[in-house]
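Undergrad: Got a structure here, written out as structure tokens. Questions coming.
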Amino acid sequence: MTQTPAPLLAPRLASVLGRIDADLDGALARLIDLLSIPSISTDPAYKADCARAADWLVADLRSFGVDAETIATPGHPMVMGHVDGPKDKKTPHLVFYGHYDVQPVDPLNLWASDPFAPAVETTAKGRMIRGRGASDDKGQLMTFVEACRAWVAENGALPCEITFFFEGEEESGSPSLVPFMNEYKERLKGDVALICDTGLFGHDTPAIVTMLRGLMGEEIVIKAADKDLHSGMYGGPSQNPIRVLTRILAGLHDDTGRVTLDGFYDGVPELPADVAAQWQVLGFEHEAFLGEVGLSQPAGEHDRTALEMIWSRPTMEFNGIIGGYTGDGFKTVLPAQASAKVSARLVGTQDPHKIRESLRAYVEAHLPADCTVEFHPHGASPASVMETTHPAFEATRQALSDEWPNEAAFIGCGGSIPIAGYFKKIVGVDALLTGFARDDDAIHSPNEKYDLECFHKGMRSWARILDAVSQG
């Protein structure tokens with residue numbers, strides 16, 4: 001997939017790329033300033049910090065001429081900004097989305113440094129920016145902002161009409177997002193939405209994500225006795241919620257890795273042959289992919305490749321189990337309750353609400369006497385498949401190919417980014433997703449980082465994309 005030689009640069013683009021190269025230290029300083037704000041959206045203790053991050057972005061956008069503001073929601077504020085396009089020619093209207101909130105940092109003891117005292121580190125793999133949000137999504141968001149800043153500095157204005165849209169609740173289920181988009185959909189209407197919350201394929205292959213899995217989350221709480229019981233006095237004749245819960249969870253998969261829920265695979269398409277062939281060319285090596293995290297053999301559905309499972313197959317996973325005594329030492333109790341957090345990644349036309357109903361019915365059907373169950377939903381969004389017929393997709397693919405060592409590819413993504421589907425369903429705009437994260441960025445984990453190369457080339461990539469799309 002080695003790219004062909006890049007064409008000669010137009011003067012307006014060459015000057016922007018030169019400005020990005022010359023101002024890399026300034027861009028880093030601004031990113032580090034933003035990363036220092038602990039904008040953890042899921043924890044109410046950080047509400048003021050989320051507002052501070054939103055205000056920081058408004059001030060930064062205004063610093064290079066964007067008409068920007070924060071807009072209050074029942075949760076954390078949205079940031080919106082707008083710049084008109086050239087008056088002497090028709091150019092596309094781009095809507096750029098990113099999120100300024102971050103994941104919690106727990107467990108803090110596994111961080112090698114303060115997650116909100118970001119710094120540039122030099123390692124055997126190169127220079128990187130270490131800190132919570134470096135890759136997800138502040139570093140990615142700022143690649144676009146910095147590209148726009150450089151464009152204005154060199155050319156006096158942006159090359160096309162752009163609306164900036166930054167969310168503060170992405171990492172906590174986006175409870176305010178849909179109502180906000182419904183209320184402000186006229187301001188969000190453009191020709192195409194740009195989203196920078198994805199990554200490269202491998203180390204050096206830029207990618208445009210055209211398939212995203214949906215997500216359904218559910219917490220299951222099973223209760224039995226009215227208090228914790230002494231295992232010597234009650235063990236045996238008394239129901240143990242942990243045993244009940246783990247038996248129920250174990251039954252959700254068969255021996256071949258398939259999910260056993262009734263109707264779970266309704267709406268799951270088979271991968272088209274041409275798409276499968278394109279993915280095969282990428283040369284994905286599951287041994288290396290799993291080896292990086294200390295694993296060796298693919299689990300999941302036995303008759304599917306690892307890449308197929310990540311990008312185009314649904315899953316049912318267990319994200320956390322709580323029950324009984326979990327502190328230091330030992331306490332011989334039968335807990336009064338046990339709980340599990342369960343999530344399903346969805347593809348095709350799978351209905352997250354029907355799957356939630358099926359999961360609840362399954363749990364209730366396997367609940368023994370003396371036990372009760374409570375369910376707590378945690379989000380539900382369908383999968384998204386992006387149309388690639390808009391000219392911006394091919395223009396972006398070529399622009400990315402001109403910047404990176406390998407040609408850009410259209411790929412799937414194992415994650416869930418509901419905003420892409422909301423743009424289509426609510427606003428009527430197709431979403432184009434490209435980003436510059438790497439698989440080892442440790443997003444959502446301790447010691448999150450963003451390679452300096454990705455930050456630098458990400459800015460240059462967006463500059464190229466703005467140039468190509470504005471002329472298309």
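By convention in this document, the chains of the structure tokens carry letters A, B, ... by their order, each chain's residues are numbered from 1, and ligands are numbered from 1 in the order they are shown.
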Do you know which residues are at most 10 Å from A:His203 counting only C-alpha atoms, after dropping those on the same chain fewer than 4 positions away, and could you put them as JSON, numbers by chain?

TA: {"A": [199, 405, 406, 436, 437, 438, 439, 440, 454]}

Undergrad: Output N, CA and C atoms for every residue in that selection, as a PDB file, in the first residue's frame.

TA:
```
ATOM      1  N   GLY A 199      -8.447   6.407  14.561  1.00  0.00           N
ATOM      2  CA  GLY A 199      -7.003   6.255  14.514  1.00  0.00           C
ATOM      3  C   GLY A 199      -6.480   5.751  13.186  1.00  0.00           C
ATOM      4  N   PRO A 405       3.089   7.821   4.776  1.00  0.00           N
ATOM      5  CA  PRO A 405       3.880   6.911   3.935  1.00  0.00           C
ATOM      6  C   PRO A 405       3.045   5.961   3.098  1.00  0.00           C
ATOM      7  N   ASN A 406       1.857   5.577   3.596  1.00  0.00           N
ATOM      8  CA  ASN A 406       1.003   4.620   2.893  1.00  0.00           C
ATOM      9  C   ASN A 406      -0.291   5.273   2.440  1.00  0.00           C
ATOM     10  N   PHE A 436      -5.875  10.141  14.082  1.00  0.00           N
ATOM     11  CA  PHE A 436      -4.453   9.848  14.023  1.00  0.00           C
ATOM     12  C   PHE A 436      -3.938   9.168  15.286  1.00  0.00           C
ATOM     13  N   ALA A 437      -4.832   8.530  16.031  1.00  0.00           N
ATOM     14  CA  ALA A 437      -4.417   7.761  17.201  1.00  0.00           C
ATOM     15  C   ALA A 437      -3.733   6.473  16.749  1.00  0.00           C
ATOM     16  N   ARG A 438      -2.938   5.902  17.654  1.00  0.00           N
ATOM     17  CA  ARG A 438      -2.329   4.590  17.407  1.00  0.00           C
ATOM     18  C   ARG A 438      -2.838   3.601  18.441  1.00  0.00           C
ATOM     19  N   ASP A 439      -2.752   2.329  18.103  1.00  0.00           N
ATOM     20  CA  ASP A 439      -3.330   1.292  18.959  1.00  0.00           C
ATOM     21  C   ASP A 439      -2.726   1.273  20.358  1.00  0.00           C
ATOM     22  N   ASP A 440      -1.481   1.729  20.492  1.00  0.00           N
ATOM     23  CA  ASP A 440      -0.822   1.685  21.806  1.00  0.00           C
ATOM     24  C   ASP A 440      -0.961   2.987  22.583  1.00  0.00           C
ATOM     25  N   CYS A 454       2.083  11.901  15.393  1.00  0.00           N
ATOM     26  CA  CYS A 454       0.663  11.877  15.033  1.00  0.00           C
ATOM     27  C   CYS A 454       0.034  13.254  15.195  1.00  0.00           C
TER      28      CYS A 454
END
```

Undergrad: Select, from A:Pro335, A:Pro206, A:Pro352, A:Pro77, the residue with the minimum atom-to-atom distance to A:Leu433, counting only C-alpha atoms.

TA: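 Between A:Pro335, A:Pro206, A:Pro352, A:Pro77, the residue approaching A:Leu433 most closely is A:Pro206.
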
Undergrad: Fewer than 4 positions away in the same chain doesn't count, so skip those; otherwise give me all residues within 7 Å of A:Val221, counting only C-alpha atoms, as a PyMOL selection string.

TA: chain A and resi 337-340+373-375

Undergrad: Mind writing the picked residues with N, CA and C atoms as a tab-separated table (two decimals), in the first residue's frame?

TA:
```tsv
chain	number	residue	atom	x	y	z
A	337	GLN	N	-26.05	-9.09	47.64
A	337	GLN	CA	-26.28	-8.78	46.23
A	337	GLN	C	-24.98	-8.86	45.46
A	338	ALA	N	-25.11	-9.02	44.15
A	338	ALA	CA	-23.98	-9.01	43.22
A	338	ALA	C	-24.44	-8.32	41.94
A	339	SER	N	-23.52	-7.64	41.28
A	339	SER	CA	-23.90	-6.91	40.07
A	339	SER	C	-22.85	-7.06	38.98
A	340	ALA	N	-23.28	-6.87	37.77
A	340	ALA	CA	-22.38	-6.93	36.61
A	340	ALA	C	-22.77	-5.85	35.62
A	373	VAL	N	-34.10	-9.21	40.75
A	373	VAL	CA	-33.13	-8.55	39.87
A	373	VAL	C	-33.59	-7.12	39.58
A	374	GLU	N	-32.62	-6.23	39.51
A	374	GLU	CA	-32.83	-4.86	39.07
A	374	GLU	C	-31.98	-4.63	37.82
A	375	PHE	N	-32.51	-3.85	36.90
A	375	PHE	CA	-31.76	-3.50	35.69
A	375	PHE	C	-31.58	-1.99	35.61
```

Undergrad: Can you tell me, as number ranges by chain, which residues in stretch 226-454 of chain A count as strand (DSSP E) by DSSP?

TA: A: 229-230, 315-323, 333-334, 337-346, 372-381, 384-385, 409-413, 431-434, 449-451

Undergrad: DSSP on the backbone: what in stretch 217-364 of chain A comes out helix (DSSP H, G or I), as a ChimeraX atom specification?

TA: /A:231-234,241-250,273-281,286-291,306-312,352-364

Undergrad: Return the single residue from A:Glu154, A:Glu146, A:Pro175, A:Phe165 that is closest to A:Glu69, with distances computed using only C-alpha atoms.

TA: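 That would be A:Phe165, the residue with the smallest distance to A:Glu69.
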
Undergrad: Skipping near chain neighbours, those fewer than 4 positions away, what residues fall within 8 Å of A:Leu271 using only C-alpha atoms, listed as a list of chain:residue names?

TA: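 Residues near the query, excluding close chain neighbours: A:Val275, A:Ala276, A:Ser312.
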
Undergrad: What's around A:Leu17 at 9 Å? Count only C-alpha atoms, leave out sequence neighbours fewer than 2 positions away in its own chain, and write the answer as a PyMOL selection string.

TA: chain A and resi 12-15+19-22+147+150-151+459-460+463-464

Undergrad: What gap, in Å, lies between atom CA of A:Phe164 and atom CA of A:Phe116?

TA: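 Rounded to one decimal, the two atoms are 25.1 Å apart.
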
Undergrad: Could you list, as an NGL selection string, every residue within 7 Å of A:Ala54, counting only C-alpha atoms and ignoring same-chain residues fewer than 3 positions away?

TA: :A and (50-51 or 57-58 or 70 or 77 or 79)

Undergrad: Please save C-alpha atoms of the selected residues as a CSV table (one decimal), in the first residue's frame.

TA:
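Result file is again.csv:
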```csv
chain,number,residue,atom,x,y,z
A,50,CYS,CA,-15.6,20.8,32.3
A,51,ALA,CA,-16.9,24.3,32.1
A,57,LEU,CA,-11.8,26.3,23.7
A,58,VAL,CA,-14.1,29.3,23.1
A,70,THR,CA,-20.5,28.0,25.0
A,77,PRO,CA,-21.8,22.9,28.0
A,79,VAL,CA,-19.0,24.7,22.3
```

Undergrad: List as a tab-separated table every residue of stretch 345-400 of chain A that is in contact with stretch 233-244 of chain A, defined as an atom at most 10 Å from one of its atoms (using only C-alpha atoms), together with the nearest atom pair and the distance in Å rounded to one decimal, sorted by chain and then rising number.

TA:
```
residue	atom	partner	partner_atom	distance
A:Val363	CA	A:Val244	CA	10.0
A:His366	CA	A:Val244	CA	8.6
A:Leu367	CA	A:Val244	CA	7.4
A:Pro368	CA	A:Val244	CA	7.8
A:Ala369	CA	A:Gln239	CA	8.3
A:Asp370	CA	A:Gln239	CA	7.1
A:Cys371	CA	A:Gln239	CA	7.5
A:Thr372	CA	A:Pro241	CA	9.4
A:Val373	CA	A:Pro241	CA	9.9
```

Undergrad: Calculate how many Å separate atom CA of A:Val120 from atom CA of A:Met142, rounding to one decimal.

TA: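 Going from atom CA of A:Val120 over to atom CA of A:Met142, I get 15.8 Å.
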
Undergrad: Go through A:Ser135, A:Ser384, A:Thr73, A:Thr326 and flag the residue nearest A:Gly348, using only C-alpha atoms for the distances.

TA: A:Ser384

Undergrad: When you count only C-alpha atoms, which of these residues is closest to A:Leu28: A:Gly139, A:Cys413, A:Ala420, A:Lys189?

TA: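 Comparing A:Gly139, A:Cys413, A:Ala420, A:Lys189 against A:Leu28, the winner is A:Gly139.
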
Undergrad: Which distance in Å separates atom CA of A:Arg213 and atom CA of A:Phe180, to one decimal?

TA: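 Going from atom CA of A:Arg213 over to atom CA of A:Phe180 covers 22.8 Å.
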